[in-house]
$ cat entry.pdb   # PDB, C-alpha atoms, pLDDT in the B column
ATOM      1  CA  MET A   1      22.008  97.596  42.400  1.00 73.00           C
ATOM      2  CA  ALA A   2      25.093  99.735  41.815  1.00 79.00           C
ATOM      3  CA  VAL A   3      24.676 102.721  39.504  1.00 82.00           C
ATOM      4  CA  VAL A   4      27.774 104.388  38.143  1.00 84.00           C
ATOM      5  CA  VAL A   5      27.047 107.792  36.587  1.00 82.00           C
ATOM      6  CA  ILE A   6      29.643 109.233  34.228  1.00 83.00           C
ATOM      7  CA  GLU A   7      29.118 112.881  33.279  1.00 80.00           C
ATOM      8  CA  SER A   8      31.408 113.727  30.410  1.00 78.00           C
ATOM      9  CA  PRO A   9      31.612 115.671  27.198  1.00 73.00           C
ATOM     10  CA  ASN A  10      30.396 113.976  24.055  1.00 78.00           C
ATOM     11  CA  LEU A  11      31.648 110.401  23.824  1.00 80.00           C
ATOM     12  CA  SER A  12      31.176 108.057  20.902  1.00 84.00           C
ATOM     13  CA  ALA A  13      29.283 104.798  21.301  1.00 83.00           C
ATOM     14  CA  ASP A  14      32.562 102.856  21.032  1.00 86.00           C
ATOM     15  CA  GLN A  15      34.161 104.956  23.772  1.00 86.00           C
ATOM     16  CA  LYS A  16      31.142 104.435  26.025  1.00 85.00           C
ATOM     17  CA  SER A  17      31.277 100.683  25.414  1.00 85.00           C
ATOM     18  CA  ARG A  18      34.994 100.469  26.267  1.00 88.00           C
ATOM     19  CA  ILE A  19      34.678 102.642  29.386  1.00 87.00           C
ATOM     20  CA  GLY A  20      31.529 100.832  30.516  1.00 84.00           C
ATOM     21  CA  GLU A  21      33.191  97.423  30.073  1.00 86.00           C
ATOM     22  CA  ARG A  22      36.203  98.518  32.130  1.00 88.00           C
ATOM     23  CA  VAL A  23      34.019  99.873  34.948  1.00 85.00           C
ATOM     24  CA  LEU A  24      31.934  96.684  34.998  1.00 82.00           C
ATOM     25  CA  THR A  25      35.023  94.470  35.015  1.00 85.00           C
ATOM     26  CA  ALA A  26      36.627  96.450  37.853  1.00 86.00           C
ATOM     27  CA  LEU A  27      33.482  96.275  40.011  1.00 84.00           C
ATOM     28  CA  GLN A  28      33.022  92.560  39.289  1.00 83.00           C
ATOM     29  CA  GLN A  29      36.619  91.909  40.354  1.00 85.00           C
ATOM     30  CA  GLU A  30      35.731  93.591  43.654  1.00 84.00           C
ATOM     31  CA  GLY A  31      32.968  91.021  44.178  1.00 85.00           C
ATOM     32  CA  MET A  32      29.829  92.677  42.770  1.00 83.00           C
ATOM     33  CA  ALA A  33      27.394  90.492  40.825  1.00 79.00           C
ATOM     34  CA  PRO A  34      27.423  91.069  37.029  1.00 70.00           C
ATOM     35  CA  GLY A  35      23.715  91.820  36.748  1.00 75.00           C
ATOM     36  CA  SER A  36      23.714  94.332  39.607  1.00 79.00           C
ATOM     37  CA  ILE A  37      25.766  97.092  37.959  1.00 82.00           C
ATOM     38  CA  VAL A  38      24.521  99.838  35.640  1.00 82.00           C
ATOM     39  CA  VAL A  39      26.748 102.423  33.973  1.00 83.00           C
ATOM     40  CA  LEU A  40      24.901 105.611  33.003  1.00 80.00           C
ATOM     41  CA  PHE A  41      26.476 108.197  30.683  1.00 79.00           C
ATOM     42  CA  ARG A  42      25.161 111.773  30.847  1.00 80.00           C
ATOM     43  CA  PRO A  43      26.323 115.064  29.411  1.00 76.00           C
ATOM     44  CA  GLU A  44      27.988 117.461  31.836  1.00 70.00           C
ATOM     45  CA  ARG A  45      25.459 119.583  33.675  1.00 68.00           C
ATOM     46  CA  GLY A  46      27.047 122.757  34.904  1.00 64.00           C
ATOM     47  CA  ASP A  47      30.204 124.667  35.609  1.00 60.00           C
ATOM     48  CA  MET A  48      33.164 122.986  37.310  1.00 60.00           C
ATOM     49  CA  TYR A  49      36.178 124.308  39.062  1.00 58.00           C
ATOM     50  CA  LEU A  50      39.367 122.405  38.225  1.00 58.00           C
ATOM     51  CA  ASP A  51      42.988 123.224  39.078  1.00 58.00           C
ATOM     52  CA  SER A  52      42.393 126.942  39.758  1.00 60.00           C
ATOM     53  CA  LEU A  53      40.355 127.242  36.604  1.00 61.00           C
ATOM     54  CA  LEU A  54      36.618 127.701  36.140  1.00 58.00           C
ATOM     55  CA  VAL A  55      35.359 125.472  33.346  1.00 56.00           C
ATOM     56  CA  GLN A  56      31.970 126.388  31.928  1.00 57.00           C
ATOM     57  CA  THR A  57      29.998 123.719  30.176  1.00 53.00           C
ATOM     58  CA  HIS A  58      26.963 124.315  28.024  1.00 52.00           C
ATOM     59  CA  SER A  59      26.015 120.891  26.769  1.00 49.00           C
ATOM     60  CA  SER A  60      22.668 120.638  25.045  1.00 49.00           C
ATOM     61  CA  ALA A  61      23.185 117.024  23.978  1.00 50.00           C
ATOM     62  CA  PRO A  62      20.421 114.624  24.977  1.00 51.00           C
ATOM     63  CA  VAL A  63      21.026 112.162  27.764  1.00 46.00           C
ATOM     64  CA  SER A  64      22.377 108.927  26.331  1.00 48.00           C
ATOM     65  CA  ILE A  65      20.944 105.497  27.071  1.00 48.00           C
ATOM     66  CA  PRO A  66      22.770 103.513  29.789  1.00 50.00           C
ATOM     67  CA  VAL A  67      25.247 100.932  28.564  1.00 49.00           C
ATOM     68  CA  SER A  68      23.712  97.506  28.879  1.00 51.00           C
ATOM     69  CA  VAL A  69      25.561  94.863  30.831  1.00 50.00           C
ATOM     70  CA  PRO A  70      26.668  92.264  28.286  1.00 54.00           C
ATOM     71  CA  ARG A  71      27.094  89.488  30.867  1.00 57.00           C
ATOM     72  CA  ALA A  72      23.814  90.048  32.659  1.00 56.00           C
ATOM     73  CA  PRO A  73      21.197  87.357  32.170  1.00 61.00           C
ATOM     74  CA  ALA A  74      18.326  88.366  29.965  1.00 62.00           C
ATOM     75  CA  PRO A  75      15.209  89.242  31.933  1.00 68.00           C
ATOM     76  CA  ALA A  76      12.375  86.752  31.791  1.00 68.00           C
ATOM     77  CA  PRO A  77       9.802  87.643  29.155  1.00 69.00           C
ATOM     78  CA  ALA A  78       6.767  89.387  30.513  1.00 63.00           C
ATOM     79  CA  PRO A  79       3.835  87.033  30.939  1.00 63.00           C
ATOM     80  CA  ALA A  80       1.146  87.325  28.339  1.00 61.00           C
ATOM     81  CA  PRO A  81      -1.646  89.574  29.525  1.00 60.00           C
ATOM     82  CA  ALA A  82      -4.646  87.728  30.892  1.00 60.00           C
ATOM     83  CA  PRO A  83      -7.712  87.687  28.657  1.00 66.00           C
ATOM     84  CA  ALA A  84     -10.034  90.563  29.512  1.00 68.00           C
ATOM     85  CA  PHE A  85     -12.786  88.340  30.898  1.00 65.00           C
ATOM     86  CA  LYS A  86     -10.418  87.002  33.578  1.00 72.00           C
ATOM     87  CA  THR A  87      -9.701  90.413  35.089  1.00 74.00           C
ATOM     88  CA  LYS A  88     -13.018  92.230  34.934  1.00 73.00           C
ATOM     89  CA  ALA A  89     -15.578  92.137  37.745  1.00 72.00           C
ATOM     90  CA  ARG A  90     -18.401  90.559  35.726  1.00 83.00           C
ATOM     91  CA  ARG A  91     -18.458  88.293  32.720  1.00 83.00           C
ATOM     92  CA  SER A  92     -20.851  88.773  29.811  1.00 86.00           C
ATOM     93  CA  LYS A  93     -23.367  86.117  28.740  1.00 90.00           C
ATOM     94  CA  PRO A  94     -21.323  85.108  25.669  1.00 90.00           C
ATOM     95  CA  GLU A  95     -18.217  84.726  27.864  1.00 88.00           C
ATOM     96  CA  LEU A  96     -20.160  82.576  30.348  1.00 89.00           C
ATOM     97  CA  GLU A  97     -21.593  80.453  27.518  1.00 92.00           C
ATOM     98  CA  ASN A  98     -18.108  79.947  26.107  1.00 92.00           C
ATOM     99  CA  MET A  99     -16.866  78.953  29.560  1.00 91.00           C
ATOM    100  CA  LYS A 100     -19.770  76.498  29.906  1.00 93.00           C
ATOM    101  CA  LYS A 101     -18.877  74.914  26.536  1.00 93.00           C
ATOM    102  CA  GLN A 102     -15.248  74.555  27.646  1.00 93.00           C
ATOM    103  CA  LEU A 103     -16.412  72.999  30.928  1.00 93.00           C
ATOM    104  CA  MET A 104     -18.665  70.532  29.090  1.00 92.00           C
ATOM    105  CA  SER A 105     -15.793  69.622  26.774  1.00 91.00           C
ATOM    106  CA  ALA A 106     -13.471  69.024  29.755  1.00 92.00           C
ATOM    107  CA  LEU A 107     -16.147  66.859  31.401  1.00 91.00           C
ATOM    108  CA  GLN A 108     -16.607  64.852  28.197  1.00 90.00           C
ATOM    109  CA  ASP A 109     -12.845  64.340  27.923  1.00 89.00           C
ATOM    110  CA  LYS A 110     -12.200  63.384  31.557  1.00 89.00           C
ATOM    111  CA  GLY A 111     -15.523  61.819  32.555  1.00 89.00           C
ATOM    112  CA  SER A 112     -15.629  63.639  35.905  1.00 91.00           C
ATOM    113  CA  LEU A 113     -14.103  66.745  37.477  1.00 92.00           C
ATOM    114  CA  SER A 114     -13.808  68.411  40.836  1.00 93.00           C
ATOM    115  CA  SER A 115     -14.104  72.195  41.040  1.00 91.00           C
ATOM    116  CA  PHE A 116     -10.320  72.432  41.455  1.00 93.00           C
ATOM    117  CA  GLU A 117      -9.702  70.253  38.379  1.00 93.00           C
ATOM    118  CA  ALA A 118     -12.176  72.373  36.398  1.00 93.00           C
ATOM    119  CA  GLN A 119     -10.267  75.549  37.357  1.00 92.00           C
ATOM    120  CA  VAL A 120      -7.045  73.971  36.083  1.00 92.00           C
ATOM    121  CA  ALA A 121      -8.691  72.646  32.902  1.00 92.00           C
ATOM    122  CA  LEU A 122     -10.175  76.065  32.074  1.00 91.00           C
ATOM    123  CA  ASP A 123      -6.982  77.949  33.120  1.00 89.00           C
ATOM    124  CA  LEU A 124      -8.776  79.889  35.862  1.00 89.00           C
ATOM    125  CA  LYS A 125      -6.481  79.137  38.831  1.00 86.00           C
ATOM    126  CA  GLU A 126      -5.574  82.826  39.369  1.00 86.00           C
ATOM    127  CA  CYS A 127      -9.177  84.054  39.186  1.00 86.00           C
ATOM    128  CA  ASP A 128     -10.804  84.726  42.563  1.00 87.00           C
ATOM    129  CA  TRP A 129     -14.267  84.548  41.013  1.00 89.00           C
ATOM    130  CA  ALA A 130     -13.749  81.097  39.421  1.00 89.00           C
ATOM    131  CA  PRO A 131     -15.062  78.807  42.231  1.00 90.00           C
ATOM    132  CA  ALA A 132     -18.418  80.605  42.527  1.00 91.00           C
ATOM    133  CA  THR A 133     -18.849  80.878  38.756  1.00 92.00           C
ATOM    134  CA  LEU A 134     -18.009  77.202  38.238  1.00 92.00           C
ATOM    135  CA  ARG A 135     -20.518  76.193  40.952  1.00 92.00           C
ATOM    136  CA  ARG A 136     -23.229  78.094  39.064  1.00 93.00           C
ATOM    137  CA  LEU A 137     -22.220  76.454  35.771  1.00 93.00           C
ATOM    138  CA  PHE A 138     -22.150  72.984  37.383  1.00 93.00           C
ATOM    139  CA  THR A 139     -25.632  73.658  38.842  1.00 94.00           C
ATOM    140  CA  GLU A 140     -26.947  74.643  35.390  1.00 93.00           C
ATOM    141  CA  LEU A 141     -25.509  71.454  33.870  1.00 92.00           C
ATOM    142  CA  GLU A 142     -26.975  69.373  36.712  1.00 92.00           C
ATOM    143  CA  GLU A 143     -30.425  70.953  36.225  1.00 93.00           C
ATOM    144  CA  ALA A 144     -30.153  70.152  32.500  1.00 91.00           C
ATOM    145  CA  ARG A 145     -29.428  66.534  33.552  1.00 90.00           C
ATOM    146  CA  LEU A 146     -26.112  66.484  31.723  1.00 90.00           C
ATOM    147  CA  ILE A 147     -24.062  65.779  34.862  1.00 91.00           C
ATOM    148  CA  SER A 148     -24.558  64.264  38.293  1.00 92.00           C
ATOM    149  CA  LYS A 149     -23.088  65.539  41.540  1.00 92.00           C
ATOM    150  CA  ASN A 150     -21.341  63.063  43.852  1.00 91.00           C
ATOM    151  CA  GLY A 151     -19.890  63.855  47.272  1.00 90.00           C
ATOM    152  CA  GLN A 152     -19.884  66.930  49.474  1.00 89.00           C
ATOM    153  CA  LYS A 153     -17.772  70.026  50.042  1.00 88.00           C
ATOM    154  CA  ARG A 154     -14.170  69.471  48.904  1.00 85.00           C
ATOM    155  CA  GLY A 155     -14.929  65.898  47.902  1.00 88.00           C
ATOM    156  CA  THR A 156     -17.568  66.902  45.357  1.00 91.00           C
ATOM    157  CA  ARG A 157     -17.150  65.471  41.878  1.00 93.00           C
ATOM    158  CA  TYR A 158     -19.249  66.280  38.852  1.00 94.00           C
ATOM    159  CA  VAL A 159     -19.748  63.258  36.564  1.00 91.00           C
ATOM    160  CA  TRP A 160     -20.658  63.549  32.880  1.00 89.00           C
ATOM    161  CA  LYS A 161     -23.734  61.418  32.101  1.00 87.00           C
ATOM    162  CA  GLY A 162     -23.201  61.186  28.358  1.00 77.00           C
ATOM    163  CA  ILE A 163     -20.554  59.447  26.300  1.00 74.00           C
ATOM    164  CA  VAL A 164     -17.010  60.164  27.432  1.00 70.00           C
ATOM    165  CA  ASN A 165     -14.463  61.066  24.750  1.00 67.00           C
ATOM    166  CA  THR A 166     -11.519  59.251  26.334  1.00 56.00           C
ATOM    167  CA  PRO A 167      -9.632  57.296  23.696  1.00 58.00           C
ATOM    168  CA  GLN A 168      -9.363  53.552  24.181  1.00 55.00           C
ATOM    169  CA  SER A 169      -5.773  52.632  24.939  1.00 58.00           C
ATOM    170  CA  THR A 170      -6.342  48.917  24.395  1.00 58.00           C
ATOM    171  CA  PRO A 171      -8.605  47.384  21.798  1.00 61.00           C
ATOM    172  CA  ILE A 172     -11.934  46.023  22.950  1.00 64.00           C
ATOM    173  CA  VAL A 173     -11.729  42.253  23.262  1.00 65.00           C
ATOM    174  CA  LYS A 174     -14.679  40.257  22.052  1.00 68.00           C
ATOM    175  CA  LEU A 175     -15.159  36.951  23.838  1.00 71.00           C
ATOM    176  CA  VAL A 176     -16.480  34.107  21.745  1.00 74.00           C
ATOM    177  CA  LYS A 177     -17.584  30.805  23.218  1.00 75.00           C
ATOM    178  CA  ALA A 178     -15.659  27.990  21.684  1.00 75.00           C
ATOM    179  CA  GLU A 179     -17.655  25.225  20.229  1.00 77.00           C
ATOM    180  CA  SER A 180     -17.039  21.976  21.998  1.00 72.00           C
ATOM    181  CA  GLU A 181     -16.639  18.693  20.175  1.00 70.00           C
ATOM    182  CA  GLU A 182     -18.718  16.885  22.731  1.00 66.00           C
ATOM    183  CA  GLY A 183     -22.344  16.459  21.886  1.00 55.00           C
TER     184      GLY A 183
END
$ encode --input "entry.pdb" --output "structure tokens"
Amino acid sequence: MAVVVIESPNLSADQKSRIGERVLTALQQEGMAPGSIVVLFRPERGDMYLDSLLVQTHSSAPVSIPVSVPRAPAPAPAPAPAPAFKTKARRSKPELENMKKQLMSALQDKGSLSSFEAQVALDLKECDWAPATLRRLFTELEEARLISKNGQKRGTRYVWKGIVNTPQSTPIVKLVKAESEEG
């Protein structure tokens, strides 16, 4: 990133905008990317010697904010902070119960889940602790006879034993035996 620092006496906001735009345009014409240039305006900080003359400056003005680059793309919004239970070392009983309810709901909706699918359904993909916690929750549900475990290791699927909430996409067809005219 290129930083251009301009130390000058008091400049108005309009003057800073015009000067900053000209500096940005000149550097962009020389091949620099628009978002990689920052122009910083500061008050003069000391004495200078110019053309056989000592110029003393005593500026007490605060440092002004850098001119923003009008053509630079806006930065991506910061991701929403993760809920507290996702980042702490241990989860409380109410948090675990809530997670178990969400897991049961996902099982009722889908019919069966793998551990990986459960992590996605509960939005726990970034949590290192999720696989072990989900195994414990699946074990509790299996001991309560709400689910059955099929397969081994990575092929393990947990199947909901109750009624599945999947909506019917086609109506249920009822077959009726036609009455025959023969005897």
$ resolve_selection --input "entry.pdb" --expression "the PyMOL selection byres ((chain A and resi 100-115) around 9)" --output "PyMOL selection string"
chain A and resi 95-99+116-122+131+134-135+137-138+141+146-147+154-167
$ atom_distance --input "entry.pdb" --atom1 "CA of Ser148 (chain A)" --atom2 "CA of Pro94 (chain A)"
24.6 Å
$ atom_distance --input "entry.pdb" --atom1 "CA of Pro43 (chain A)" --atom2 "CA of Met1 (chain A)"
22.2 Å
$ atom_distance --input "entry.pdb" --atom1 "CA of Val39 (chain A)" --atom2 "CA of Ser8 (chain A)"
12.7 Å
$ closest_residue --input "entry.pdb" --among "A:Glu142, A:Glu181, A:Asp128, A:Asp14" --to "Arg90 (chain A)" --atoms "only C-alpha atoms"
A:Asp128
